[in-house]
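Working notes for the structure below.
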Amino acid sequence: MKAAPPRLARLLLFLLLDRRDVDCVLSDLEEEFEQRVARDGRRSAVRWYRAQVRASAWPVIRRRWMPEHDGAPGLQSRRSPRVARRGAASVVQLATECRWAWRALGRRPGARILQAGLIGVTLAACALAFSAADAFVFRPAPYPNADRIVVFQRHMEMVGTRPATSPAELVRWREQTDLFSGVEAHDMGASLHLPIGGVTEQVGSRQITPGLLELLGTVPRWGRPFVDRDAEPGSPAVAIISERVARGMFGDPATAIDRELSTGAESLRIVGVMARGFLFPTAQEEVWLPFVPQAPNSTNVRLVMPLALMAPGMSMAAIDEALAARGPGLRADLPRFLQAEMTAAPLNVVRRDSHERLFKALLGAALCLLLIACLNVTSLELASAVRRARTYAVQRVLGASRGALVRVALIEGALVAGPAIVLALVLTWWGASILPALLPVAMRNGTSNAIDLDGRTLIFVAVCAVAAWIVAALPIVWRASRTDVGTASELHGRTLTLSRSQVLARHALMAAQVGLTVVLLVGGSLFVRSSVEQAAREKGFDSSGLAAIEVLFPGHVWRTPAAAQVESDVLARLQTHPGVRSVARTSMLLPAARAGIAGDLQIAGRATTAERVHISGYQVDPEYLQTIGLRIEQGRWLRADDEPGAVVLDERFADRYWPDGSAVGATFTVGQRAGFSRGVSEFHVVGVVSAVRGDMADDERAATAHLMYLGRSADAPAISRFVARLDEGERLEALLEVVRAAAGDETVVRASFVDDRYADLYGEASLAATISGAFGTVAFAVAVAGIYAVIAFLVAGRTREIGIRIAVGASGSRVQRLVIGPTFAFMAIGTMAGLAGAWAAVRSLESQLFGISASDPVTYAGVAAVVIAVGLVATWIPARRAARIDPAMTLRAE
Amino acid sequence: MPGPSLAEFEFYVMLAILRLGDEAYGAKVRQEIESRTDRPVSIGALYTTLARLEAKGLLTLHTVKPQPGQRGKARRYCRFTQAGSRALQRSATSVTRMMAGLDLVPGSSR
């Protein structure tokens, strides 16, 4: 087989050559290439070919675009000779200027590589921060009807505002056809283990009402959407899957239709495949299952997440008005806790609000970091610009125009920015592929947009890169533009002295870097301290090896004897399973979301005014104490023979209302409502246990939130929850299999370790701490290096002056003060400005901090002290060198 | 009046064409110069020089391309014009006179 020359090199030559020479030149090269392959081997021949193309490029360019310079007949141009000459001259000029810029770059390759690396890394940080902020905050939901979709929200007193509606309300809102074209809902699904591409992966699923996809404005690319009969009890189980899952399991997505999808618990028939890029509600879910929340006339309180499509011509204001007017009537017969007013908010607003502040803050921090890097480069280039003044002056004398020098400077900046952009894109692409996995689960579930290197991120990178390019090239461009032919005659000394304004400019840049660094360090320190504070707090129990298990029953099984039987079966299997040391049922898992009741606390025998409190009540088995590992502080734990209403309080609750330690034996009520168990009107305290961290009761902002434990009611559950203490090394998957076997095909089973749930609870704070801490550290290192470089340069620029001062009697310490004094002043200015900026910036993030105030004086003072101290050290080193200048050598050099 | 003069590389190209005779086309000329002068010669520079020599009237260039369906490569053959021959003669004579008695090349002095 004939060896082929390297394609890229051949293509380049093909593009450059005069049309009349193309065939012959390429044939000649190919002929010799084949000879060399036979004689020296392919690798050598390829090297030779590429060398030929490189060496031939300039001659063929001249021949083709500068025929008059060559004296050879070139391509007949359609342009006028004058235009052709001007165009050709521009090309030649540009090529020459590129060579000059490359040569200038080559004088300090190490410094340029560092600059490109610094800008590239900080640019990548900005791109990743933007991509994440874009996914969570800026970009609307990726659905065609997104701008007309609203979410029903309900304000529940202790939980806050949540998208939640009961099945009965869903049906009733569907009847308001003047307001909504459609009302649908979705609910949590289980994690499925599917073989994708030969590897078993954990894939998220979501239960959706049949019309939800059409409400979003999309349908499966292959197959069909769900229809009503798909969700009816007794219908064959069906599913819609993502394109990625379809390709991984079946190859061509079109062949996946009507194939079976085995989840272990059941077999699903695939009726549709969604196109790549469809995410609902987040990137985690790739299998969608049909469900109907409840029978139409039921008031069952299993809440689902609703979505509604505004009817044509409807506005949010009209919908708000209608909700306020019609809402009370539509929920009149619902349970009391569903009487809270329901509001509607656009889907995009709801998605954005939960993470807006955090991501905007992180984006701001990343841009700060980029600015610090650019200022650092600018500061160093200012030094270089002074050294280049003589070179530019000589070039002007030799005939270079000011415009040419400016262009060379810009090209030089571009030659640094170019590799920086490439590095940034590579790092961003890599970072975007791993970032979603590093986010806390709750955050991951907060967006339907993917975090990736898309067009918007590329545009952002381009804008930042251009800005960085301009800032980095500015000093040299400025110097080049100001160079005069007459400057050459002025530059006859060996040392260049700096003018007052030049010194001031450098100090100002240094102060700006210090200020921005202080902002990042203060923010980073606050988040790190907050995260440490959270992690250091004792949980109040031993969480190692503690698993949390949930069994979600289908709606028609709720609160029926069948559910109670399943719960008993699951409990029995868990109790006898090897590897399970202890297990107990509970109504809520740790750390619990806000839930419970709110009402006026009235303690028997006290005349004090009732105080409104929020109480989270865990209905637990007697084995709960032993399983969780709580400590009895007073009294005793619950017993199976306790009367209804017997409770155990956590010590925070007990200390607040019975500070004299007399909680055991006390009796109290909460509001008019009859407690957590039906028929109970009073609670009787039998014991006090250690406080548990991470529950709503731990929230310092909700000072009236409390926790108590009481025995489980005999009522059948809607959701069964268990906590189990496992032996070391026991796998969660084994436990899941046991529970699924007992629970049956129709239930959804979920399990996780309590430690992971806690990590997720504080995941957002931990993420903020990690990122802001890293930014602050990098900024600090860059700023310190910048301070050292600037002071060293300033000292070098004042060598003559310092030499003269020493010669006339100035002491070493006086010289050091001369150098350090102004620097300290500017560092102090920068630090004060940075502290003020940090206070203004972090104030809005107060809610993200735990156990520490956004204006914590220790943090601010500590950062200021560290920055100034290290800055002074960085200044002292060149100052010490200045004090050792030999005046005789300095003056002799002049 | 003397005709156009030859630059150094043009001189080498003309000499190589003289040596190769009927087989004087791009690749061969390039290889000939490179092997005899021990300096790398780019094909682009060679073709530029050939075009320049043609413009000066010292060479004629004749391109032979294979017909569609035929195998083979396109080649540009070079032939001296009368002016080219005279220019080459003049350059060679000049160089010889300049080198006379100088003993620059071992074994070449007279």
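Residues in the structure tokens are named by chain (A, B, ... in the order shown) and by number from 1 within that chain; ligands are numbered from 1 in the order shown.
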
When the cut-off is 8 Å and we count only C-alpha atoms, which residues of chain A are near chain B, given as a PyMOL selection string? chain A and resi 21+23-25+27-29+31-32+52-53+55-57+59-60+63+70-73

Selected residues written out, N, CA and C atoms, as a PDB file, in the first residue's frame:
ATOM      1  N   ASP A  21       0.802  25.880  -9.569  1.00  0.00           N
ATOM      2  CA  ASP A  21       1.914  25.057  -9.080  1.00  0.00           C
ATOM      3  C   ASP A  21       1.454  23.867  -8.243  1.00  0.00           C
ATOM      4  N   ASP A  23      -0.375  21.107  -8.461  1.00  0.00           N
ATOM      5  CA  ASP A  23      -0.230  19.694  -8.878  1.00  0.00           C
ATOM      6  C   ASP A  23       1.234  19.284  -8.921  1.00  0.00           C
ATOM      7  N   CYS A  24       2.045  20.116  -9.517  1.00  0.00           N
ATOM      8  CA  CYS A  24       3.453  19.734  -9.700  1.00  0.00           C
ATOM      9  C   CYS A  24       4.188  19.688  -8.368  1.00  0.00           C
ATOM     10  N   VAL A  25       3.992  20.687  -7.537  1.00  0.00           N
ATOM     11  CA  VAL A  25       4.705  20.710  -6.257  1.00  0.00           C
ATOM     12  C   VAL A  25       4.297  19.526  -5.396  1.00  0.00           C
ATOM     13  N   SER A  27       3.042  16.721  -6.349  1.00  0.00           N
ATOM     14  CA  SER A  27       3.539  15.483  -6.961  1.00  0.00           C
ATOM     15  C   SER A  27       5.012  15.286  -6.671  1.00  0.00           C
ATOM     16  N   ASP A  28       5.799  16.346  -6.791  1.00  0.00           N
ATOM     17  CA  ASP A  28       7.233  16.241  -6.510  1.00  0.00           C
ATOM     18  C   ASP A  28       7.461  15.812  -5.065  1.00  0.00           C
ATOM     19  N   LEU A  29       6.752  16.432  -4.179  1.00  0.00           N
ATOM     20  CA  LEU A  29       6.925  16.080  -2.758  1.00  0.00           C
ATOM     21  C   LEU A  29       6.490  14.639  -2.503  1.00  0.00           C
ATOM     22  N   GLU A  31       6.487  12.186  -4.618  1.00  0.00           N
ATOM     23  CA  GLU A  31       7.462  11.261  -5.212  1.00  0.00           C
ATOM     24  C   GLU A  31       8.629  11.066  -4.255  1.00  0.00           C
ATOM     25  N   GLU A  32       9.145  12.174  -3.751  1.00  0.00           N
ATOM     26  CA  GLU A  32      10.304  12.055  -2.872  1.00  0.00           C
ATOM     27  C   GLU A  32       9.920  11.439  -1.528  1.00  0.00           C
ATOM     28  N   GLN A  52       9.741  20.354   4.830  1.00  0.00           N
ATOM     29  CA  GLN A  52       9.601  20.959   3.501  1.00  0.00           C
ATOM     30  C   GLN A  52       8.455  21.954   3.468  1.00  0.00           C
ATOM     31  N   VAL A  53       7.346  21.591   4.066  1.00  0.00           N
ATOM     32  CA  VAL A  53       6.173  22.487   4.071  1.00  0.00           C
ATOM     33  C   VAL A  53       6.493  23.758   4.855  1.00  0.00           C
ATOM     34  N   ALA A  55       9.427  25.114   5.431  1.00  0.00           N
ATOM     35  CA  ALA A  55      10.416  25.933   4.721  1.00  0.00           C
ATOM     36  C   ALA A  55       9.830  26.555   3.464  1.00  0.00           C
ATOM     37  N   SER A  56       8.833  25.923   2.880  1.00  0.00           N
ATOM     38  CA  SER A  56       8.259  26.417   1.617  1.00  0.00           C
ATOM     39  C   SER A  56       7.176  27.456   1.845  1.00  0.00           C
ATOM     40  N   ALA A  57       6.673  27.556   3.062  1.00  0.00           N
ATOM     41  CA  ALA A  57       5.490  28.397   3.295  1.00  0.00           C
ATOM     42  C   ALA A  57       5.753  29.850   2.896  1.00  0.00           C
ATOM     43  N   PRO A  59       8.217  31.348   0.993  1.00  0.00           N
ATOM     44  CA  PRO A  59       8.413  31.598  -0.437  1.00  0.00           C
ATOM     45  C   PRO A  59       7.121  31.517  -1.253  1.00  0.00           C
ATOM     46  N   VAL A  60       6.260  30.562  -0.964  1.00  0.00           N
ATOM     47  CA  VAL A  60       5.045  30.447  -1.783  1.00  0.00           C
ATOM     48  C   VAL A  60       4.065  31.576  -1.453  1.00  0.00           C
ATOM     49  N   ARG A  63       5.345  34.468  -3.385  1.00  0.00           N
ATOM     50  CA  ARG A  63       5.097  34.291  -4.819  1.00  0.00           C
ATOM     51  C   ARG A  63       3.639  34.549  -5.139  1.00  0.00           C
ATOM     52  N   ASP A  70       8.633  39.502  -6.303  1.00  0.00           N
ATOM     53  CA  ASP A  70       9.357  38.311  -6.705  1.00  0.00           C
ATOM     54  C   ASP A  70       9.862  38.372  -8.125  1.00  0.00           C
ATOM     55  N   GLY A  71       9.224  39.282  -8.905  1.00  0.00           N
ATOM     56  CA  GLY A  71       9.575  39.314 -10.322  1.00  0.00           C
ATOM     57  C   GLY A  71       9.031  38.135 -11.085  1.00  0.00           C
ATOM     58  N   ALA A  72       8.215  37.308 -10.423  1.00  0.00           N
ATOM     59  CA  ALA A  72       7.709  36.103 -11.098  1.00  0.00           C
ATOM     60  C   ALA A  72       6.236  36.276 -11.422  1.00  0.00           C
ATOM     61  N   PRO A  73       5.756  35.659 -12.510  1.00  0.00           N
ATOM     62  CA  PRO A  73       4.325  35.758 -12.820  1.00  0.00           C
ATOM     63  C   PRO A  73       3.528  35.045 -11.740  1.00  0.00           C
TER      64      PRO A  73
END

Would you please give, as a VMD selection string, all residues of chain B that DSSP assigns to alpha helix (DSSP H) based on the backbone? chain B and resid 8 to 20 26 to 37 43 to 55 82 to 99

So which bits of chain B end up strand (DSSP E) when you DSSP the backbone, as a list in words?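 Taking chain B and keeping strand (DSSP E) gives Leu59, Thr60, Leu61, His62, Thr63, Val64, Arg75, Arg76, Tyr77, Cys78, Arg79 and Phe80 of chain B.
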
Quick one: write out the picked residues with N, CA, C and O atoms as a short mmCIF file (atom, residue, chain, number, x, y, z; two decimals), in the first residue's frame?
data_model
loop_
_atom_site.label_atom_id
_atom_site.label_comp_id
_atom_site.auth_asym_id
_atom_site.auth_seq_id
_atom_site.Cartn_x
_atom_site.Cartn_y
_atom_site.Cartn_z
N LEU B 59 14.47 30.44 -18.82
CA LEU B 59 13.99 29.06 -18.83
C LEU B 59 12.61 29.00 -19.48
O LEU B 59 11.89 30.01 -19.51
N THR B 60 12.27 27.82 -19.97
CA THR B 60 10.87 27.55 -20.28
C THR B 60 10.43 26.39 -19.40
O THR B 60 11.19 25.44 -19.18
N LEU B 61 9.21 26.48 -18.90
CA LEU B 61 8.68 25.43 -18.02
C LEU B 61 7.53 24.76 -18.73
O LEU B 61 6.63 25.43 -19.25
N HIS B 62 7.56 23.45 -18.73
CA HIS B 62 6.55 22.68 -19.45
C HIS B 62 5.95 21.66 -18.49
O HIS B 62 6.65 20.78 -18.00
N THR B 63 4.66 21.80 -18.22
CA THR B 63 4.00 20.91 -17.25
C THR B 63 3.39 19.73 -17.97
O THR B 63 2.69 19.90 -18.97
N VAL B 64 3.66 18.53 -17.46
CA VAL B 64 3.07 17.30 -18.02
C VAL B 64 2.23 16.66 -16.93
O VAL B 64 2.73 16.33 -15.85
N ARG B 75 4.41 16.68 -13.55
CA ARG B 75 5.81 17.13 -13.50
C ARG B 75 5.97 18.39 -14.31
O ARG B 75 5.34 18.57 -15.35
N ARG B 76 6.87 19.25 -13.80
CA ARG B 76 7.18 20.49 -14.54
C ARG B 76 8.62 20.40 -15.01
O ARG B 76 9.55 20.47 -14.20
N TYR B 77 8.76 20.24 -16.30
CA TYR B 77 10.10 20.08 -16.89
C TYR B 77 10.69 21.44 -17.23
O TYR B 77 9.97 22.37 -17.64
N CYS B 78 12.00 21.52 -17.09
CA CYS B 78 12.69 22.81 -17.30
C CYS B 78 13.64 22.68 -18.49
O CYS B 78 14.36 21.70 -18.62
N ARG B 79 13.65 23.73 -19.33
CA ARG B 79 14.56 23.78 -20.49
C ARG B 79 15.17 25.15 -20.56
O ARG B 79 14.51 26.15 -20.28
N PHE B 80 16.45 25.18 -20.93
CA PHE B 80 17.09 26.48 -21.12
C PHE B 80 16.56 27.16 -22.37
O PHE B 80 16.27 26.52 -23.38
#

Which residues come within 12 Å of region 530-533 of chain A, counting only C-alpha atoms, excluding same-chain residues fewer than 6 positions away, as a PDB file with N, CA, C and O atoms, in the first residue's frame?
ATOM      1  N   GLY A 523     -13.851  36.225  52.928  1.00  0.00           N
ATOM      2  CA  GLY A 523     -14.960  35.343  52.546  1.00  0.00           C
ATOM      3  C   GLY A 523     -14.603  33.885  52.753  1.00  0.00           C
ATOM      4  O   GLY A 523     -15.373  33.114  53.335  1.00  0.00           O
ATOM      5  N   GLY A 524     -13.404  33.505  52.295  1.00  0.00           N
ATOM      6  CA  GLY A 524     -12.971  32.121  52.442  1.00  0.00           C
ATOM      7  C   GLY A 524     -12.848  31.719  53.905  1.00  0.00           C
ATOM      8  O   GLY A 524     -13.275  30.635  54.308  1.00  0.00           O
ATOM      9  N   ALA A 759     -23.589  14.679  55.697  1.00  0.00           N
ATOM     10  CA  ALA A 759     -22.651  15.329  54.779  1.00  0.00           C
ATOM     11  C   ALA A 759     -23.414  16.121  53.732  1.00  0.00           C
ATOM     12  O   ALA A 759     -23.034  17.214  53.332  1.00  0.00           O
ATOM     13  N   LEU A 761     -26.446  17.346  54.159  1.00  0.00           N
ATOM     14  CA  LEU A 761     -27.140  18.462  54.802  1.00  0.00           C
ATOM     15  C   LEU A 761     -26.263  19.701  54.808  1.00  0.00           C
ATOM     16  O   LEU A 761     -26.722  20.809  54.571  1.00  0.00           O
ATOM     17  N   TYR A 762     -24.988  19.498  55.088  1.00  0.00           N
ATOM     18  CA  TYR A 762     -24.072  20.616  55.162  1.00  0.00           C
ATOM     19  C   TYR A 762     -23.201  20.704  53.910  1.00  0.00           C
ATOM     20  O   TYR A 762     -22.200  21.406  53.886  1.00  0.00           O
ATOM     21  N   GLY A 763     -23.613  19.994  52.878  1.00  0.00           N
ATOM     22  CA  GLY A 763     -22.802  19.944  51.673  1.00  0.00           C
ATOM     23  C   GLY A 763     -22.615  21.294  51.022  1.00  0.00           C
ATOM     24  O   GLY A 763     -21.542  21.620  50.536  1.00  0.00           O
ATOM     25  N   GLU A 764     -23.685  22.080  51.020  1.00  0.00           N
ATOM     26  CA  GLU A 764     -23.588  23.371  50.344  1.00  0.00           C
ATOM     27  C   GLU A 764     -22.571  24.260  51.049  1.00  0.00           C
ATOM     28  O   GLU A 764     -21.749  24.908  50.388  1.00  0.00           O
ATOM     29  N   ALA A 765     -22.630  24.276  52.393  1.00  0.00           N
ATOM     30  CA  ALA A 765     -21.676  25.082  53.151  1.00  0.00           C
ATOM     31  C   ALA A 765     -20.267  24.559  52.954  1.00  0.00           C
ATOM     32  O   ALA A 765     -19.309  25.328  52.825  1.00  0.00           O
ATOM     33  N   SER A 766     -20.132  23.252  52.921  1.00  0.00           N
ATOM     34  CA  SER A 766     -18.812  22.648  52.740  1.00  0.00           C
ATOM     35  C   SER A 766     -18.252  23.005  51.365  1.00  0.00           C
ATOM     36  O   SER A 766     -17.070  23.311  51.209  1.00  0.00           O
ATOM     37  N   LEU A 767     -19.122  22.973  50.363  1.00  0.00           N
ATOM     38  CA  LEU A 767     -18.692  23.334  49.008  1.00  0.00           C
ATOM     39  C   LEU A 767     -18.226  24.780  48.965  1.00  0.00           C
ATOM     40  O   LEU A 767     -17.178  25.096  48.409  1.00  0.00           O
ATOM     41  N   ALA A 768     -19.023  25.670  49.556  1.00  0.00           N
ATOM     42  CA  ALA A 768     -18.664  27.086  49.575  1.00  0.00           C
ATOM     43  C   ALA A 768     -17.339  27.276  50.292  1.00  0.00           C
ATOM     44  O   ALA A 768     -16.498  28.069  49.857  1.00  0.00           O
ATOM     45  N   ALA A 769     -17.134  26.559  51.397  1.00  0.00           N
ATOM     46  CA  ALA A 769     -15.891  26.683  52.157  1.00  0.00           C
ATOM     47  C   ALA A 769     -14.707  26.220  51.330  1.00  0.00           C
ATOM     48  O   ALA A 769     -13.665  26.887  51.286  1.00  0.00           O
ATOM     49  N   THR A 770     -14.865  25.080  50.662  1.00  0.00           N
ATOM     50  CA  THR A 770     -13.751  24.535  49.870  1.00  0.00           C
ATOM     51  C   THR A 770     -13.368  25.483  48.750  1.00  0.00           C
ATOM     52  O   THR A 770     -12.191  25.803  48.560  1.00  0.00           O
ATOM     53  N   ILE A 771     -14.370  25.939  48.001  1.00  0.00           N
ATOM     54  CA  ILE A 771     -14.072  26.769  46.834  1.00  0.00           C
ATOM     55  C   ILE A 771     -13.541  28.136  47.258  1.00  0.00           C
ATOM     56  O   ILE A 771     -12.519  28.602  46.742  1.00  0.00           O
ATOM     57  N   SER A 772     -14.212  28.773  48.206  1.00  0.00           N
ATOM     58  CA  SER A 772     -13.769  30.103  48.595  1.00  0.00           C
ATOM     59  C   SER A 772     -12.421  30.032  49.295  1.00  0.00           C
ATOM     60  O   SER A 772     -11.588  30.927  49.143  1.00  0.00           O
ATOM     61  N   GLY A 773     -12.190  28.969  50.065  1.00  0.00           N
ATOM     62  CA  GLY A 773     -10.895  28.799  50.699  1.00  0.00           C
ATOM     63  C   GLY A 773      -9.784  28.643  49.672  1.00  0.00           C
ATOM     64  O   GLY A 773      -8.704  29.237  49.796  1.00  0.00           O
ATOM     65  N   LEU A 845     -24.517  37.057  52.444  1.00  0.00           N
ATOM     66  CA  LEU A 845     -24.401  35.606  52.573  1.00  0.00           C
ATOM     67  C   LEU A 845     -24.511  35.156  54.024  1.00  0.00           C
ATOM     68  O   LEU A 845     -24.151  34.027  54.342  1.00  0.00           O
ATOM     69  N   GLU A 846     -24.970  36.034  54.886  1.00  0.00           N
ATOM     70  CA  GLU A 846     -25.092  35.703  56.306  1.00  0.00           C
ATOM     71  C   GLU A 846     -25.856  34.400  56.520  1.00  0.00           C
ATOM     72  O   GLU A 846     -25.503  33.586  57.367  1.00  0.00           O
ATOM     73  N   SER A 847     -26.900  34.209  55.718  1.00  0.00           N
ATOM     74  CA  SER A 847     -27.742  33.025  55.903  1.00  0.00           C
ATOM     75  C   SER A 847     -27.004  31.733  55.564  1.00  0.00           C
ATOM     76  O   SER A 847     -27.434  30.649  55.957  1.00  0.00           O
ATOM     77  N   GLN A 848     -25.898  31.841  54.834  1.00  0.00           N
ATOM     78  CA  GLN A 848     -25.146  30.643  54.471  1.00  0.00           C
ATOM     79  C   GLN A 848     -24.143  30.241  55.549  1.00  0.00           C
ATOM     80  O   GLN A 848     -23.540  29.182  55.454  1.00  0.00           O
ATOM     81  N   LEU A 849     -23.955  31.110  56.527  1.00  0.00           N
ATOM     82  CA  LEU A 849     -22.938  30.850  57.545  1.00  0.00           C
ATOM     83  C   LEU A 849     -23.569  30.184  58.763  1.00  0.00           C
ATOM     84  O   LEU A 849     -24.725  30.439  59.096  1.00  0.00           O
ATOM     85  N   PHE A 850     -22.799  29.365  59.416  1.00  0.00           N
ATOM     86  CA  PHE A 850     -23.292  28.640  60.595  1.00  0.00           C
ATOM     87  C   PHE A 850     -22.349  28.906  61.748  1.00  0.00           C
ATOM     88  O   PHE A 850     -21.161  28.663  61.678  1.00  0.00           O
ATOM     89  N   GLY A 851     -22.905  29.405  62.847  1.00  0.00           N
ATOM     90  CA  GLY A 851     -22.115  29.576  64.058  1.00  0.00           C
ATOM     91  C   GLY A 851     -21.137  30.731  64.020  1.00  0.00           C
ATOM     92  O   GLY A 851     -20.284  30.854  64.894  1.00  0.00           O
ATOM     93  N   ILE A 852     -21.242  31.571  62.995  1.00  0.00           N
ATOM     94  CA  ILE A 852     -20.322  32.703  62.887  1.00  0.00           C
ATOM     95  C   ILE A 852     -21.022  33.827  62.138  1.00  0.00           C
ATOM     96  O   ILE A 852     -21.822  33.582  61.232  1.00  0.00           O
ATOM     97  N   SER A 853     -20.712  35.040  62.575  1.00  0.00           N
ATOM     98  CA  SER A 853     -21.364  36.185  61.952  1.00  0.00           C
ATOM     99  C   SER A 853     -20.585  36.622  60.720  1.00  0.00           C
ATOM    100  O   SER A 853     -19.373  36.441  60.636  1.00  0.00           O
ATOM    101  N   ALA A 854     -21.269  37.245  59.761  1.00  0.00           N
ATOM    102  CA  ALA A 854     -20.606  37.746  58.561  1.00  0.00           C
ATOM    103  C   ALA A 854     -19.676  38.901  58.878  1.00  0.00           C
ATOM    104  O   ALA A 854     -18.827  39.259  58.062  1.00  0.00           O
ATOM    105  N   ASP A 856     -17.739  38.951  61.704  1.00  0.00           N
ATOM    106  CA  ASP A 856     -16.942  38.460  62.822  1.00  0.00           C
ATOM    107  C   ASP A 856     -15.612  39.217  62.908  1.00  0.00           C
ATOM    108  O   ASP A 856     -14.772  39.130  62.005  1.00  0.00           O
ATOM    109  N   THR A 859     -12.158  37.283  62.528  1.00  0.00           N
ATOM    110  CA  THR A 859     -11.787  36.900  61.152  1.00  0.00           C
ATOM    111  C   THR A 859     -11.212  38.089  60.403  1.00  0.00           C
ATOM    112  O   THR A 859     -10.164  37.984  59.761  1.00  0.00           O
TER     113      THR A 859
END

When you look at region 728-737 of chain A with a cut-off of 10 Å (counting only C-alpha atoms), what residues show up, excluding the ones that are within fewer than 2 positions of it in the same chain? I need them as a ChimeraX atom specification. /A:264-265,544-545,547-550,573-574,577-580,724-726,739-743,749-753

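Taking only C-alpha atoms into account, Ser315 (chain A) lies nearest to A:Arg148 out of the set A:Arg229, A:Arg656, A:Arg108, A:Arg148.
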
Two-atom distance - CA of Ala332 (chain A), CA of Leu215 (chain A) (Å):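 Between CA of Ala332 (chain A) and CA of Leu215 (chain A) the gap works out to 27.6 Å.
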
Skipping near chain neighbours, those fewer than 4 positions away, what residues fall within 12 Å of Trp429 (chain A) using only C-alpha atoms, listed as a list in words?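 Close residues of Trp429 (chain A): Ala124, Ala125, Ala127, Leu128, Ser131, Val422, Leu423, Ala424, Leu425, Ser433, Ile434, Leu435, Ile451, Asp452, Leu453, Asp454, Thr457 and Leu458 of chain A.
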
Emit the selected residues as a compact mmCIF listing (two decimals), in the first residue's frame, including N, CA, C and O atoms.
# COMPACT_ATOMS: atom_id res chain seq x y z
N ALA A 124 -10.15 29.38 33.92
CA ALA A 124 -10.89 28.13 34.06
C ALA A 124 -11.79 28.18 35.29
O ALA A 124 -12.95 27.72 35.26
N ALA A 125 -11.29 28.74 36.38
CA ALA A 125 -12.10 28.87 37.59
C ALA A 125 -13.33 29.73 37.30
O ALA A 125 -14.45 29.40 37.72
N ALA A 127 -14.73 30.20 34.37
CA ALA A 127 -15.62 29.48 33.45
C ALA A 127 -16.45 28.45 34.20
O ALA A 127 -17.66 28.30 33.96
N LEU A 128 -15.82 27.72 35.11
CA LEU A 128 -16.56 26.71 35.87
C LEU A 128 -17.60 27.36 36.77
O LEU A 128 -18.74 26.89 36.89
N SER A 131 -20.37 28.45 34.56
CA SER A 131 -21.16 27.32 34.08
C SER A 131 -22.13 26.83 35.16
O SER A 131 -23.30 26.56 34.89
N VAL A 422 -6.47 28.22 25.78
CA VAL A 422 -6.48 26.76 25.52
C VAL A 422 -6.42 26.00 26.84
O VAL A 422 -7.19 25.06 27.07
N LEU A 423 -5.53 26.43 27.74
CA LEU A 423 -5.42 25.78 29.05
C LEU A 423 -6.75 25.90 29.80
O LEU A 423 -7.22 24.93 30.41
N ALA A 424 -7.35 27.07 29.74
CA ALA A 424 -8.63 27.29 30.44
C ALA A 424 -9.71 26.37 29.90
O ALA A 424 -10.48 25.77 30.67
N LEU A 425 -9.77 26.22 28.58
CA LEU A 425 -10.81 25.37 27.99
C LEU A 425 -10.61 23.91 28.39
O LEU A 425 -11.57 23.20 28.71
N SER A 433 -16.80 17.98 33.81
CA SER A 433 -17.16 16.56 33.80
C SER A 433 -17.18 15.97 35.21
O SER A 433 -17.88 15.00 35.46
N ILE A 434 -16.43 16.59 36.13
CA ILE A 434 -16.39 16.01 37.49
C ILE A 434 -17.18 16.84 38.50
O ILE A 434 -17.53 16.34 39.56
N LEU A 435 -17.44 18.11 38.17
CA LEU A 435 -18.10 18.98 39.15
C LEU A 435 -19.46 18.46 39.60
O LEU A 435 -19.76 18.46 40.79
N ILE A 451 -24.26 21.16 33.75
CA ILE A 451 -23.07 21.99 33.93
C ILE A 451 -22.06 21.51 32.90
O ILE A 451 -21.50 20.41 33.03
N ASP A 452 -21.87 22.29 31.86
CA ASP A 452 -20.95 21.85 30.81
C ASP A 452 -20.37 23.04 30.07
O ASP A 452 -20.72 24.19 30.34
N LEU A 453 -19.46 22.74 29.16
CA LEU A 453 -18.77 23.77 28.38
C LEU A 453 -19.62 24.04 27.13
O LEU A 453 -19.32 23.57 26.05
N ASP A 454 -20.71 24.81 27.32
CA ASP A 454 -21.60 25.06 26.20
C ASP A 454 -21.28 26.42 25.56
O ASP A 454 -20.30 27.07 25.93
N THR A 457 -21.01 29.43 27.99
CA THR A 457 -19.76 29.41 28.76
C THR A 457 -18.59 29.81 27.87
O THR A 457 -17.70 30.54 28.31
N LEU A 458 -18.59 29.35 26.62
CA LEU A 458 -17.51 29.71 25.70
C LEU A 458 -17.49 31.21 25.46
O LEU A 458 -16.42 31.83 25.42

Nearest residue to Ser616 (chain A) out of A:Glu184, A:Asp642, A:Glu356, A:Asp650, using only C-alpha atoms?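 Distance minimum relative to Ser616 (chain A) lands on A:Asp650.
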
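Within the 7 Å cut-off around His193 (chain A), using only C-alpha atoms and omitting residues fewer than 2 positions from it on the same chain, the listed residues are A:Ser191, A:Pro195, A:Thr200, A:Glu201, A:Gln202, A:Val203, A:Thr263.
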